[in-house]
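Peer 1: Sharing a structure with you now.
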Amino acid sequence: MSDDLIYEPKNTGSLRALTFGLVALLALLGGIVLGALYARDVSPVVEQNIRPDQLREADQQDYILAIALDYAQQQDLDRTYDLLAEVDPRRDPFQIAADTACSIVRAGRIQTSADIDAVRHLISIFEFQPDVEVSCDLNVFATSIPPTIITPTPSVTVPPSPTPVATKTPTPQPIDLTPQVPTVERPTPQTGEFEVLQTSQFCNPNNSGVIEIRVREANTGNEISGVQVMVFWNTSRGREEQVFYTGLKPNRGEGYADFTMSAGLIYQVTIPGRSDTTDRLEAVPCDADGTLRSYQVLFQSQ
Amino acid sequence: MSLLRSYFFTGLIALVLGIGLGLYLGWIQFPSEYSNGQMCQLEWSYQESYTLMIARGYRQDRNLNKALERLRPLRAVGVTGCENERPYRIDNIPDWVQYFTEQQISRGADPQEIRDLVVLADAFDRLTPIMEGFLSEP
C-alpha cells in the first residue's frame, strides 16, 4: 500500500529523449525560418539573366520606349505587340504602352525633343486600339508640329543663326514668321505673338539653378500648353540649345516648363520665332552653400 | 548541468542545420520572384534586342547623345548586381555597339538589322572594314 504512494519515475530515459527531440525540432524549425527569411528577404538571389518583366520600373520604361523607337522605324505592329507582351505577359500590350506613356509624363521624364518624339511613337502604338484606357492627358503630344526647332521657310528673311551671345537689346519681332509655323491643332489659342512679361530671380537650395517658364494668355490669364520653348547658351564648343514644350509637367501647370542650368553658364530663353529673347540668365551662386540662382520667366500672348 | 549542456548543443546543431536548410529553400528551391532587375542583368538576347531597337531609334532622330544615354544602362562593369560572367561585359558603349554589330555580321543576321547597327556604329566612329558593305542601302 505504502509503495503505491511513492512516486517513482519509470521512464526517465524516454522522457529525456523526448525532451531532446523537442529541443532539436524547435531549433530546426527556427533555423529553417531564419534561413528562409534571410535567403528570400534579406539577401535574395541576384539573377543575371532576367527577362524584361523582371526589370525595375524605370528600366522597364526605358525598354518600352526602345520598343516604341523600333515601331517608329519598322511599323511592324505584330512585332511590337510581341515585344510589349514580354514586358508583362499578364496584361494587354497596348494597355502597357498607354500606362507607360502616362507614367513617363507624370514622372517628368520628358526633357528633350527626342523624349517627346519617343513618347509620340509610343502613343502611335495604342492610339487606334480599342479598349485602351488612357489615365492621363496626352493631348499635348497630339500635334502636327515636328518636335524639332521650327525653321522658317527660305522666303522669310531672318538673321542667320543667332550669335552665341545675344545682345541685351531684344531682337525685332519676326511677325512674318507666324504664318510659316505649321498648323497646331490645339484648343488653346496659338495665334498671338508672345512677349517676355516678367523675369525674376530667386534663391532656393531645393530648387537650385532652375529656369521656370510659364506661358499664358493675355486676356484670360489661362496657361497655354504645348508651346515650344527654346533655351540656348554658349559653351567652349559653341552655341548649344534645347527645345522643349510647356505642359509636360501638368502638376505644375498647363503652361509650365523648366530647365536646369549648369553652373557658370549664361542662358537665354525664347519662344522660337514667336517672341523676343530674355535677358541673360546667369547660373551663379546666390548663397554661401553654392546654391545656384534660379529664374522665373513669364511669357504672355500679346 | 551536463544535461543542460547536452540540450544546448543539440539545439545549436539543429539550429545550424535548420538555417542551412532554410537557405537552400530560399536561394535554390524556392527563390523569391525577381522583379527589381537592372538593364545590365537582362538576358543576353534581350540586351541585343534592346541595342538594336536603340539603333533603329537613332536612324530616326540622329541624336547620338540620346542613343548613348539610352544604351548606358546596359553597362555592367562596376555596377552592383551586374558582376556577371559573360563572354563580353559591356563597359564602353561604342565598343559594345561595334562588337555586337560585328557579331551580327559574323552570324549572318538579317541585313536590315545589320544596316541599322552599322549606322549607329558609324556614328560612334566605329566603322570597321567588315561593316562598310552594309553602310549603304541595297
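Numbering starts fresh at 1 for the residues of each chain in the C-alpha cells, the chains themselves are lettered A, B, ... in the order given, and ligands are numbered from 1 as they appear.
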Please provide the set of residues having any atom within 8 Å of Ala218 of chain A, restricted to only C-alpha atoms, with same-chain residues fewer than 6 positions apart removed, written as a PyMOL selection string.

Peer 2: chain A and resi 300-302

Peer 1: Do me a favour and pick out the residues of chain B within 9 Å of chain A, using only C-alpha atoms, as an mmCIF file with C-alpha atoms, in the first residue's frame.

Peer 2:
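Saved the output as out15.cif:
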```cif
data_model
loop_
_atom_site.group_PDB
_atom_site.id
_atom_site.type_symbol
_atom_site.label_atom_id
_atom_site.label_comp_id
_atom_site.auth_asym_id
_atom_site.auth_seq_id
_atom_site.Cartn_x
_atom_site.Cartn_y
_atom_site.Cartn_z
ATOM 1 C CA SER B 6 23.561 18.454 -23.950
ATOM 2 C CA TYR B 7 20.248 20.192 -24.617
ATOM 3 C CA PHE B 8 22.094 23.338 -25.617
ATOM 4 C CA THR B 10 21.572 19.549 -29.522
ATOM 5 C CA GLY B 11 19.580 22.734 -30.082
ATOM 6 C CA LEU B 12 22.564 24.512 -31.560
ATOM 7 C CA ILE B 13 23.295 21.750 -34.047
ATOM 8 C CA ALA B 14 19.642 21.589 -35.033
ATOM 9 C CA LEU B 15 19.522 25.356 -35.440
ATOM 10 C CA VAL B 16 22.552 25.334 -37.748
ATOM 11 C CA LEU B 17 21.062 22.506 -39.773
ATOM 12 C CA GLY B 18 17.779 24.380 -39.940
ATOM 13 C CA ILE B 19 19.434 27.586 -41.143
ATOM 14 C CA GLY B 20 21.241 25.607 -43.823
ATOM 15 C CA LEU B 21 18.020 24.028 -44.921
ATOM 16 C CA GLY B 22 16.255 27.389 -44.900
ATOM 17 C CA LEU B 23 18.972 28.955 -47.057
ATOM 18 C CA TYR B 24 18.716 26.081 -49.509
ATOM 19 C CA LEU B 25 14.956 26.505 -49.726
ATOM 20 C CA GLY B 26 15.148 30.290 -50.089
ATOM 21 C CA TRP B 27 18.020 30.503 -52.522
ATOM 22 C CA ILE B 28 17.721 27.378 -54.622
ATOM 23 C CA PHE B 30 12.001 28.375 -53.902
ATOM 24 C CA PRO B 31 13.850 31.627 -54.666
ATOM 25 C CA SER B 32 11.816 34.817 -54.472
ATOM 26 C CA GLU B 33 10.464 36.035 -57.798
ATOM 27 C CA TYR B 34 12.946 38.578 -59.070
ATOM 28 C CA SER B 35 11.286 41.841 -60.006
ATOM 29 C CA ASN B 36 13.716 44.646 -59.419
ATOM 30 C CA GLY B 37 16.347 43.956 -62.021
ATOM 31 C CA GLN B 38 18.525 46.339 -63.942
ATOM 32 C CA MET B 39 19.066 46.520 -67.653
ATOM 33 C CA CYS B 40 22.583 45.115 -67.253
ATOM 34 C CA GLN B 41 21.098 41.942 -65.744
ATOM 35 C CA LEU B 42 18.931 41.278 -68.763
ATOM 36 C CA GLU B 43 19.437 38.045 -70.596
ATOM 37 C CA TRP B 44 21.971 38.453 -73.370
ATOM 38 C CA TYR B 46 17.281 40.897 -74.669
ATOM 39 C CA TYR B 50 17.444 46.486 -76.840
ATOM 40 C CA THR B 51 20.592 47.650 -78.614
ATOM 41 C CA LEU B 52 19.015 47.016 -81.989
ATOM 42 C CA MET B 53 15.898 48.973 -81.006
ATOM 43 C CA ILE B 54 18.008 51.928 -79.894
ATOM 44 C CA ALA B 55 19.967 51.744 -83.145
ATOM 45 C CA ARG B 56 16.688 51.983 -85.035
ATOM 46 C CA GLY B 57 15.718 54.954 -82.897
ATOM 47 C CA TYR B 58 18.999 56.568 -83.835
ATOM 48 C CA ARG B 59 18.193 56.138 -87.516
ATOM 49 C CA GLN B 60 15.025 58.104 -86.841
ATOM 50 C CA ASP B 61 16.278 61.014 -84.772
ATOM 51 C CA ASN B 63 20.561 62.048 -81.833
ATOM 52 C CA LYS B 66 20.429 60.315 -76.758
ATOM 53 C CA ARG B 70 19.705 55.106 -73.771
ATOM 54 C CA PRO B 73 22.056 51.285 -68.561
ATOM 55 C CA GLY B 81 24.405 43.392 -59.090
ATOM 56 C CA CYS B 82 25.827 43.142 -62.588
ATOM 57 C CA GLU B 83 29.028 41.274 -61.905
ATOM 58 C CA ASN B 84 28.045 38.561 -64.333
ATOM 59 C CA GLU B 85 30.319 36.100 -66.019
#
```

Peer 1: Residues near Val105 of chain A, anyone? I mean within 9 Å using only C-alpha atoms, not counting same-chain ones fewer than 3 positions away, as a PDB file with N, CA and C atoms, in the first residue's frame.

Peer 2:
```pdb
ATOM      1  N   THR A 100       2.472  53.203 -69.700  1.00  0.00           N
ATOM      2  CA  THR A 100       3.865  53.660 -69.650  1.00  0.00           C
ATOM      3  C   THR A 100       3.970  55.107 -70.101  1.00  0.00           C
ATOM      4  N   ALA A 101       3.231  55.452 -71.144  1.00  0.00           N
ATOM      5  CA  ALA A 101       3.262  56.852 -71.611  1.00  0.00           C
ATOM      6  C   ALA A 101       2.848  57.784 -70.476  1.00  0.00           C
ATOM      7  N   CYS A 102       1.788  57.414 -69.769  1.00  0.00           N
ATOM      8  CA  CYS A 102       1.317  58.256 -68.657  1.00  0.00           C
ATOM      9  C   CYS A 102       2.342  58.292 -67.522  1.00  0.00           C
ATOM     10  N   GLY A 108       7.782  63.216 -65.109  1.00  0.00           N
ATOM     11  CA  GLY A 108       8.572  64.346 -65.613  1.00  0.00           C
ATOM     12  C   GLY A 108       9.835  63.902 -66.314  1.00  0.00           C
ATOM     13  N   ARG A 109       9.784  62.752 -66.958  1.00  0.00           N
ATOM     14  CA  ARG A 109      10.997  62.231 -67.614  1.00  0.00           C
ATOM     15  C   ARG A 109      11.198  62.787 -69.012  1.00  0.00           C
ATOM     16  N   ILE A 110      10.293  63.665 -69.430  1.00  0.00           N
ATOM     17  CA  ILE A 110      10.406  64.192 -70.793  1.00  0.00           C
ATOM     18  C   ILE A 110      11.128  65.528 -70.742  1.00  0.00           C
ATOM     19  N   VAL A 119       7.888  59.472 -76.967  1.00  0.00           N
ATOM     20  CA  VAL A 119       6.545  59.314 -76.401  1.00  0.00           C
ATOM     21  C   VAL A 119       5.493  59.333 -77.518  1.00  0.00           C
ATOM     22  N   CYS A 136      -4.239  59.626 -68.384  1.00  0.00           N
ATOM     23  CA  CYS A 136      -3.677  60.972 -68.257  1.00  0.00           C
ATOM     24  C   CYS A 136      -3.961  61.729 -69.553  1.00  0.00           C
ATOM     25  N   LEU A 138      -2.809  63.169 -72.743  1.00  0.00           N
ATOM     26  CA  LEU A 138      -1.677  63.094 -73.683  1.00  0.00           C
ATOM     27  C   LEU A 138      -1.905  63.992 -74.891  1.00  0.00           C
ATOM     28  N   LEU A 248       4.317  69.667 -70.007  1.00  0.00           N
ATOM     29  CA  LEU A 248       4.764  68.292 -69.823  1.00  0.00           C
ATOM     30  C   LEU A 248       4.851  67.920 -68.342  1.00  0.00           C
ATOM     31  N   LYS A 249       4.671  68.898 -67.493  1.00  0.00           N
ATOM     32  CA  LYS A 249       4.569  68.606 -66.058  1.00  0.00           C
ATOM     33  C   LYS A 249       3.226  69.178 -65.593  1.00  0.00           C
ATOM     34  N   PRO A 250       2.155  68.475 -65.918  1.00  0.00           N
ATOM     35  CA  PRO A 250       0.823  69.032 -65.677  1.00  0.00           C
ATOM     36  C   PRO A 250       0.566  69.403 -64.229  1.00  0.00           C
TER      37      PRO A 250
END
```

Peer 1: When you look at segment 278-287 of chain A with a cut-off of 8 Å (counting only C-alpha atoms), what residues show up, excluding the ones that are within fewer than 3 positions of it in the same chain? I need them as a list in words.

Peer 2: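 Surrounding residues, per the criterion: Lys168, Pro170, Val196, Thr199, Cys203, Gly209, Met261, Ser262, Ala263, Gly264, Leu265, Ile266, Tyr267, Gln268, Val269, Thr270, Gly290, Thr291, Leu292, Arg293, Ser294 and Tyr295 of chain A.
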
Peer 1: Skip Val77 of chain B itself and residues of its chain fewer than 6 positions away, then list as a list in words all residues within 7 Å of it, counting only C-alpha atoms.

Peer 2: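 Returned residues: Glu83, Arg89, Ile90 and Asp91 of chain B.
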
Peer 1: Which parts of chain B does DSSP call alpha helix (DSSP H) when run on the backbone here, written out as a PDB file with C-alpha atoms, in the first residue's frame?

Peer 2:
```pdb
ATOM      1  CA  SER B   2      25.728  18.268 -18.165  1.00  0.00           C
ATOM      2  CA  LEU B   3      22.156  17.537 -19.221  1.00  0.00           C
ATOM      3  CA  LEU B   4      21.518  21.220 -19.862  1.00  0.00           C
ATOM      4  CA  ARG B   5      24.709  21.398 -21.879  1.00  0.00           C
ATOM      5  CA  SER B   6      23.561  18.454 -23.950  1.00  0.00           C
ATOM      6  CA  TYR B   7      20.248  20.192 -24.617  1.00  0.00           C
ATOM      7  CA  PHE B   8      22.094  23.338 -25.617  1.00  0.00           C
ATOM      8  CA  PHE B   9      24.396  21.603 -28.076  1.00  0.00           C
ATOM      9  CA  THR B  10      21.572  19.549 -29.522  1.00  0.00           C
ATOM     10  CA  GLY B  11      19.580  22.734 -30.082  1.00  0.00           C
ATOM     11  CA  LEU B  12      22.564  24.512 -31.560  1.00  0.00           C
ATOM     12  CA  ILE B  13      23.295  21.750 -34.047  1.00  0.00           C
ATOM     13  CA  ALA B  14      19.642  21.589 -35.033  1.00  0.00           C
ATOM     14  CA  LEU B  15      19.522  25.356 -35.440  1.00  0.00           C
ATOM     15  CA  VAL B  16      22.552  25.334 -37.748  1.00  0.00           C
ATOM     16  CA  LEU B  17      21.062  22.506 -39.773  1.00  0.00           C
ATOM     17  CA  GLY B  18      17.779  24.380 -39.940  1.00  0.00           C
ATOM     18  CA  ILE B  19      19.434  27.586 -41.143  1.00  0.00           C
ATOM     19  CA  GLY B  20      21.241  25.607 -43.823  1.00  0.00           C
ATOM     20  CA  LEU B  21      18.020  24.028 -44.921  1.00  0.00           C
ATOM     21  CA  GLY B  22      16.255  27.389 -44.900  1.00  0.00           C
ATOM     22  CA  LEU B  23      18.972  28.955 -47.057  1.00  0.00           C
ATOM     23  CA  TYR B  24      18.716  26.081 -49.509  1.00  0.00           C
ATOM     24  CA  TRP B  44      21.971  38.453 -73.370  1.00  0.00           C
ATOM     25  CA  SER B  45      19.431  38.132 -76.183  1.00  0.00           C
ATOM     26  CA  TYR B  46      17.281  40.897 -74.669  1.00  0.00           C
ATOM     27  CA  GLN B  47      20.297  43.156 -74.377  1.00  0.00           C
ATOM     28  CA  GLU B  48      20.963  42.586 -78.047  1.00  0.00           C
ATOM     29  CA  SER B  49      17.325  43.324 -78.914  1.00  0.00           C
ATOM     30  CA  TYR B  50      17.444  46.486 -76.840  1.00  0.00           C
ATOM     31  CA  THR B  51      20.592  47.650 -78.614  1.00  0.00           C
ATOM     32  CA  LEU B  52      19.015  47.016 -81.989  1.00  0.00           C
ATOM     33  CA  MET B  53      15.898  48.973 -81.006  1.00  0.00           C
ATOM     34  CA  ILE B  54      18.008  51.928 -79.894  1.00  0.00           C
ATOM     35  CA  ALA B  55      19.967  51.744 -83.145  1.00  0.00           C
ATOM     36  CA  ARG B  56      16.688  51.983 -85.035  1.00  0.00           C
ATOM     37  CA  GLY B  57      15.718  54.954 -82.897  1.00  0.00           C
ATOM     38  CA  TYR B  58      18.999  56.568 -83.835  1.00  0.00           C
ATOM     39  CA  ARG B  59      18.193  56.138 -87.516  1.00  0.00           C
ATOM     40  CA  GLN B  60      15.025  58.104 -86.841  1.00  0.00           C
ATOM     41  CA  ASP B  61      16.278  61.014 -84.772  1.00  0.00           C
ATOM     42  CA  LEU B  64      23.812  60.348 -80.886  1.00  0.00           C
ATOM     43  CA  ASN B  65      23.911  61.645 -77.331  1.00  0.00           C
ATOM     44  CA  LYS B  66      20.429  60.315 -76.758  1.00  0.00           C
ATOM     45  CA  ALA B  67      21.374  56.936 -78.191  1.00  0.00           C
ATOM     46  CA  LEU B  68      24.369  56.819 -75.876  1.00  0.00           C
ATOM     47  CA  GLU B  69      22.211  57.819 -72.934  1.00  0.00           C
ATOM     48  CA  ARG B  70      19.705  55.106 -73.771  1.00  0.00           C
ATOM     49  CA  LEU B  71      22.372  52.423 -74.070  1.00  0.00           C
ATOM     50  CA  ILE B  93      29.141  51.653 -75.199  1.00  0.00           C
ATOM     51  CA  PRO B  94      30.686  52.438 -78.613  1.00  0.00           C
ATOM     52  CA  ASP B  95      32.878  49.383 -78.162  1.00  0.00           C
ATOM     53  CA  TRP B  96      29.787  47.309 -77.390  1.00  0.00           C
ATOM     54  CA  VAL B  97      27.975  48.576 -80.487  1.00  0.00           C
ATOM     55  CA  GLN B  98      30.979  47.678 -82.616  1.00  0.00           C
ATOM     56  CA  TYR B  99      31.280  44.236 -81.008  1.00  0.00           C
ATOM     57  CA  PHE B 100      27.582  43.459 -81.390  1.00  0.00           C
ATOM     58  CA  THR B 101      27.492  44.693 -84.975  1.00  0.00           C
ATOM     59  CA  GLU B 102      30.438  42.525 -85.944  1.00  0.00           C
ATOM     60  CA  GLN B 103      28.846  39.589 -84.138  1.00  0.00           C
ATOM     61  CA  GLN B 104      25.668  40.056 -86.154  1.00  0.00           C
ATOM     62  CA  ILE B 105      27.624  40.201 -89.374  1.00  0.00           C
ATOM     63  CA  SER B 106      29.526  37.060 -88.401  1.00  0.00           C
ATOM     64  CA  ARG B 107      26.303  35.262 -87.556  1.00  0.00           C
ATOM     65  CA  PRO B 111      20.995  42.507 -93.387  1.00  0.00           C
ATOM     66  CA  GLN B 112      18.471  45.184 -92.468  1.00  0.00           C
ATOM     67  CA  GLU B 113      19.252  44.689 -88.791  1.00  0.00           C
ATOM     68  CA  ILE B 114      22.936  44.868 -89.569  1.00  0.00           C
ATOM     69  CA  ARG B 115      22.437  48.083 -91.523  1.00  0.00           C
ATOM     70  CA  ASP B 116      20.613  49.627 -88.554  1.00  0.00           C
ATOM     71  CA  LEU B 117      23.513  48.715 -86.291  1.00  0.00           C
ATOM     72  CA  VAL B 118      26.185  49.807 -88.743  1.00  0.00           C
ATOM     73  CA  VAL B 119      24.680  53.295 -88.929  1.00  0.00           C
ATOM     74  CA  LEU B 120      24.992  53.610 -85.163  1.00  0.00           C
ATOM     75  CA  ALA B 121      28.488  52.111 -85.135  1.00  0.00           C
ATOM     76  CA  ASP B 122      29.493  54.583 -87.813  1.00  0.00           C
ATOM     77  CA  ALA B 123      28.090  57.442 -85.747  1.00  0.00           C
ATOM     78  CA  PRO B 129      36.056  47.245 -92.865  1.00  0.00           C
ATOM     79  CA  ILE B 130      33.625  44.383 -92.351  1.00  0.00           C
ATOM     80  CA  MET B 131      30.807  46.880 -91.810  1.00  0.00           C
ATOM     81  CA  GLU B 132      31.441  49.094 -94.788  1.00  0.00           C
TER      82      GLU B 132
END
```

Peer 1: One decimal, Å: what's the distance from atom CA of Thr80 of chain A over to atom CA of Pro130 of chain A, could you say?

Peer 2: 16.5 Å

Peer 1: Using only C-alpha atoms, which of A:Glu223, A:Glu127, A:Asp276, A:Glu241 sits nearest Ala257 of chain A?

Peer 2: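 Smallest distance to Ala257 of chain A is found for A:Glu223.
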